[in-house]
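Engineer: Just so it is clear, I am handing over model-v6.cif, which has mmCIF, C-alpha atoms.
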```cif
data_run
#
loop_
_atom_site.label_atom_id
_atom_site.label_comp_id
_atom_site.auth_asym_id
_atom_site.auth_seq_id
_atom_site.Cartn_x
_atom_site.Cartn_y
_atom_site.Cartn_z
CA MET A 1 -33.75 1.38 -57.75
CA ASP A 2 -32.89 -1.33 -60.25
CA LEU A 3 -34.13 -1.59 -63.81
CA MET A 4 -36.63 -4.39 -63.13
CA GLN A 5 -38.30 -2.46 -60.30
CA LEU A 6 -38.65 0.59 -62.52
CA ILE A 7 -40.22 -1.51 -65.28
CA GLU A 8 -42.61 -3.08 -62.77
CA GLN A 9 -43.61 0.38 -61.53
CA LEU A 10 -44.21 1.51 -65.11
CA GLU A 11 -46.34 -1.58 -65.76
CA TYR A 12 -48.32 -0.85 -62.58
CA GLU A 13 -48.88 2.76 -63.66
CA LEU A 14 -50.07 1.63 -67.07
CA GLY A 15 -52.71 -0.69 -65.64
CA ASP A 16 -53.63 -3.70 -63.54
CA ARG A 17 -52.47 -6.93 -65.21
CA LYS A 18 -54.40 -9.23 -62.90
CA GLY A 19 -57.75 -8.72 -64.60
CA GLY A 20 -60.77 -6.69 -63.68
CA LEU A 21 -61.68 -3.20 -64.77
CA PHE A 22 -59.09 -0.47 -64.93
CA THR A 23 -60.13 1.72 -62.03
CA LYS A 24 -57.23 4.10 -61.80
CA LYS A 25 -56.28 6.86 -64.16
CA ILE A 26 -52.83 6.59 -65.77
CA ASP A 27 -50.43 9.24 -64.44
CA ILE A 28 -48.62 10.27 -67.64
CA GLY A 29 -46.16 12.45 -65.69
CA LYS A 30 -45.15 9.54 -63.50
CA CYS A 31 -44.84 7.28 -66.56
CA VAL A 32 -42.53 9.82 -68.22
CA GLN A 33 -40.51 10.07 -65.00
CA LEU A 34 -40.22 6.27 -64.79
CA THR A 35 -39.16 6.11 -68.45
CA ARG A 36 -36.38 8.64 -67.74
CA GLN A 37 -35.29 6.63 -64.69
CA ILE A 38 -35.23 3.45 -66.79
CA ARG A 39 -33.07 5.23 -69.38
CA ASN A 40 -30.70 6.39 -66.63
CA ALA A 41 -30.59 2.88 -65.13
CA LEU A 42 -29.39 1.31 -68.37
CA PRO A 43 -25.80 0.03 -68.13
CA ASP A 44 -22.98 2.40 -69.01
CA SER A 45 -21.73 -0.10 -71.58
CA LEU A 46 -24.91 0.49 -73.58
CA ARG A 47 -24.26 4.25 -73.61
CA GLU A 48 -20.59 3.63 -74.42
CA ALA A 49 -21.57 1.32 -77.25
CA ALA A 50 -23.95 3.94 -78.62
CA TYR A 51 -21.11 6.48 -78.42
CA VAL A 52 -18.77 4.10 -80.25
CA VAL A 53 -21.39 3.35 -82.90
CA ASP A 54 -22.10 7.06 -83.37
CA ASN A 55 -18.40 7.91 -83.49
CA LYS A 56 -16.88 4.79 -85.04
CA GLN A 57 -15.81 6.66 -88.16
CA LYS A 58 -14.08 9.30 -86.05
CA ILE A 59 -12.40 6.61 -83.95
CA LEU A 60 -11.14 4.79 -87.03
CA GLU A 61 -10.06 8.07 -88.64
CA ASN A 62 -8.21 9.01 -85.45
CA ALA A 63 -6.47 5.64 -85.39
CA ASP A 64 -5.57 6.08 -89.05
CA SER A 65 -4.32 9.62 -88.39
CA VAL A 66 -2.16 8.45 -85.48
CA ALA A 67 -0.76 5.67 -87.63
CA LYS A 68 -0.03 8.04 -90.52
CA ASN A 69 1.65 10.50 -88.16
CA THR A 70 3.78 7.69 -86.77
CA ILE A 71 4.74 6.64 -90.28
CA ARG A 72 5.46 10.24 -91.30
CA GLU A 73 7.62 10.77 -88.21
CA ALA A 74 9.46 7.53 -88.94
CA GLU A 75 10.03 8.60 -92.55
CA GLU A 76 11.25 12.05 -91.45
CA ARG A 77 13.58 10.49 -88.91
CA ALA A 78 14.85 8.07 -91.51
CA GLU A 79 15.52 10.92 -93.95
CA HIS A 80 17.29 12.89 -91.23
CA ILE A 81 19.48 9.93 -90.33
CA ILE A 82 20.39 9.36 -93.97
CA ASP A 83 21.19 13.05 -94.54
CA ASN A 84 23.32 13.41 -91.42
CA SER A 85 24.92 10.02 -91.18
CA GLU A 86 28.26 8.93 -92.51
CA LEU A 87 27.06 5.34 -92.38
CA ILE A 88 24.38 5.27 -95.05
CA LYS A 89 23.84 1.52 -94.85
CA ARG A 90 23.19 1.69 -91.14
CA ALA A 91 20.80 4.58 -91.63
CA GLU A 92 18.88 2.72 -94.33
CA LEU A 93 18.57 -0.32 -92.10
CA GLU A 94 17.31 1.77 -89.18
CA ALA A 95 14.85 3.57 -91.45
CA LYS A 96 13.46 0.27 -92.70
CA GLN A 97 13.11 -0.96 -89.13
CA LEU A 98 11.30 2.22 -88.13
CA MET A 99 8.96 1.86 -91.08
CA GLU A 100 8.25 -1.77 -90.24
CA THR A 101 7.64 -0.85 -86.61
CA ALA A 102 5.32 1.97 -87.65
CA TYR A 103 3.37 -0.33 -89.95
CA MET A 104 3.15 -2.97 -87.22
CA GLN A 105 1.96 -0.35 -84.72
CA CYS A 106 -0.58 0.88 -87.24
CA ASP A 107 -1.85 -2.65 -87.83
CA ALA A 108 -1.92 -3.36 -84.11
CA LEU A 109 -3.82 -0.14 -83.39
CA VAL A 110 -6.42 -0.89 -86.06
CA ASP A 111 -6.74 -4.51 -84.85
CA LYS A 112 -7.08 -3.36 -81.23
CA THR A 113 -9.76 -0.84 -82.19
CA LYS A 114 -11.69 -3.47 -84.15
CA ALA A 115 -11.41 -5.97 -81.29
CA HIS A 116 -12.64 -3.39 -78.79
CA LEU A 117 -15.57 -2.51 -81.04
CA ASP A 118 -16.38 -6.21 -81.42
CA VAL A 119 -16.42 -6.73 -77.64
CA MET A 120 -18.61 -3.68 -77.10
CA PHE A 121 -21.02 -4.74 -79.86
CA ARG A 122 -21.16 -8.26 -78.34
CA ASP A 123 -21.96 -6.82 -74.90
CA VAL A 124 -24.66 -4.58 -76.34
CA GLU A 125 -26.07 -7.46 -78.37
CA GLN A 126 -26.25 -9.65 -75.24
CA PHE A 127 -27.91 -6.89 -73.25
CA LEU A 128 -30.41 -6.19 -76.00
CA GLN A 129 -31.18 -9.91 -76.39
CA SER A 130 -31.82 -10.12 -72.65
CA ALA A 131 -34.03 -7.03 -72.74
CA LEU A 132 -35.89 -8.40 -75.78
CA ALA A 133 -36.49 -11.71 -74.00
CA MET A 134 -37.87 -9.83 -71.00
CA ILE A 135 -40.13 -7.72 -73.22
CA ARG A 136 -41.40 -10.83 -75.02
CA ASN A 137 -42.11 -12.49 -71.69
CA ASN A 138 -44.02 -9.40 -70.47
CA ARG A 139 -46.03 -9.29 -73.70
CA GLU A 140 -46.91 -12.98 -73.32
CA GLU A 141 -48.02 -12.37 -69.74
CA LEU A 142 -50.08 -9.40 -70.88
CA ARG A 143 -51.67 -11.44 -73.67
CA GLY A 144 -52.42 -14.21 -71.19
CA ALA A 145 -54.09 -11.72 -68.87
CA MET A 146 -56.09 -10.31 -71.76
CA ILE A 147 -57.21 -13.80 -72.87
CA VAL A 148 -58.24 -14.68 -69.31
CA LYS A 149 -60.16 -11.41 -69.04
CA THR A 150 -61.83 -11.94 -72.44
CA GLY A 151 -62.68 -15.52 -71.53
CA LYS A 152 -64.31 -14.44 -68.23
CA SER A 153 -66.35 -11.73 -69.98
CA SER A 154 -67.93 -14.17 -72.45
#
```
Could you render the structure from this file as structure tokens?

Structural biologist:
Amino acid sequence: MDLMQLIEQLEYELGDRKGGLFTKKIDIGKCVQLTRQIRNALPDSLREAAYVVDNKQKILENADSVAKNTIREAEERAEHIIDNSELIKRAELEAKQLMETAYMQCDALVDKTKAHLDVMFRDVEQFLQSALAMIRNNREELRGAMIVKTGKSS
């Protein structure tokens, strides 16, 4: 069942929006069940975004750790080449290139992580804006039904 159908069922369980007296008792158990189904029907990107938001520091720390390890390995390799090489100039050049590559990889990894986070945050923002617009529309419809009901009672 899609998200809109679940929301409509929840609205139905919470009361008749078409006016008149509320004649049925609200089934709290069914409302809780529908709420859980709505939560499960939310897009995976929303859950993924929540995971990224909750773990963004870990993700950035991991990226930083990978970059530092790459740099450390490059430095160790450069030292090894210098120690064991008869051609010191060539070793120094290769070490510099490894360091530059490591720094570029580090920068690229950080930029890629930031870009991915930006895309996920954009997707979540769009989804939440859509959901907010739907909620506002439902509230306006509910208010309209309440005004019509109040106007008929007077």

Engineer: Just checking: using all atoms listed in the file, which residue out of A:Ile28, A:Lys56, A:Ala49, A:Glu8 ends up closest to Arg122 of chain A?

Structural biologist: A:Ala49

Engineer: Give the answer as one residue: which of A:Arg77, A:Lys96, A:Arg136, A:Lys114 has the shortest atom-to-atom distance to Ala63 of chain A, using all atoms listed in the file?

Structural biologist: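 When distances to Ala63 of chain A are compared using all atoms listed in the file, the smallest one comes from A:Lys114.
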
Engineer: Which residues come within 12 Å of Leu60 of chain A, counting only C-alpha atoms, excluding same-chain residues fewer than 2 positions away, as a PyMOL selection string?

Structural biologist: chain A and resi 52-58+62-67+106-107+109-114+116-117

Engineer: Choose the residue, out of A:Val124, A:Leu14, A:Ile71, A:Ile88, that has the smallest atom-to-atom separation from Tyr51 of chain A; count only C-alpha atoms.

Structural biologist: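 For Tyr51 of chain A, the nearest of the given residues is A:Val124.
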
Engineer: Return as AutoDock Vina command-line options the centre and edge lengths, in Å with one decimal, of the box along x, y and z that encloses every atom of segment 63-79 of chain A in the file, padded by 8 Å per side.

Structural biologist:
```
--center_x 4.5 --center_y 8.8 --center_z -89.7 --size_x 38.0 --size_y 22.4 --size_z 24.6
```

Engineer: Between A:Ala91, A:Met4, A:Met120, A:Ala78, single out the one closest to Glu48 of chain A, counting all atoms listed in the file.

Structural biologist: A:Met120

Engineer: One number please: atom CA of Asn69 of chain A to atom CA of Gln105 of chain A, in Å, one decimal.

Structural biologist: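 So the two atoms, atom CA of Asn69 of chain A and atom CA of Gln105 of chain A, lie 11.4 Å apart.
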
Engineer: Rank nothing, just name the residue among A:Leu6, A:Val32, A:Val119, A:Leu42 nearest to Ala131 of chain A, using all atoms listed in the file.

Structural biologist: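 Of A:Leu6, A:Val32, A:Val119, A:Leu42, the one nearest Ala131 of chain A is A:Leu42, counting all atoms listed in the file.
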
Engineer: Can you tell me, as a list in words, what residues are no more than 12 Å from Glu11 of chain A when counting all atoms listed in the file, ignoring any on the same chain fewer than 4 positions away?

Structural biologist: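 Counting only the stated atoms, we get Met4, Gln5, Leu6, Ile7, Gly15, Asp16, Arg17, Lys18, Ile26, Asp27, Lys30, Cys31, Leu34, Thr35, Ile135, Asn138, Arg139, Glu141 and Leu142 of chain A.
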
Engineer: Which distance in Å separates atom CA of Arg47 of chain A and atom CA of Asp123 of chain A, to one decimal?

Structural biologist: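 Between these atoms lies a distance of 11.4 Å.
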
Engineer: Tell me, as a ChimeraX atom specification, which residues lie within 9 Å of Glu79 of chain A, counting only C-alpha atoms; anything in the same chain fewer than 5 positions away does not count.

Structural biologist: /A:74,84,91-92,95

Engineer: In Å, how far is it from atom CA of Glu140 of chain A to atom CA of Gln126 of chain A?

Structural biologist: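 One can read the atom CA of Glu140 of chain A to atom CA of Gln126 of chain A distance as 21.0 Å.
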
Engineer: Hey, which of A:Met134, A:Ile59, A:Leu3, A:Leu98 ends up closest to Arg39 of chain A? Count only C-alpha atoms.

Structural biologist: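 Checking each candidate against Arg39 of chain A, we get A:Leu3 as the closest.
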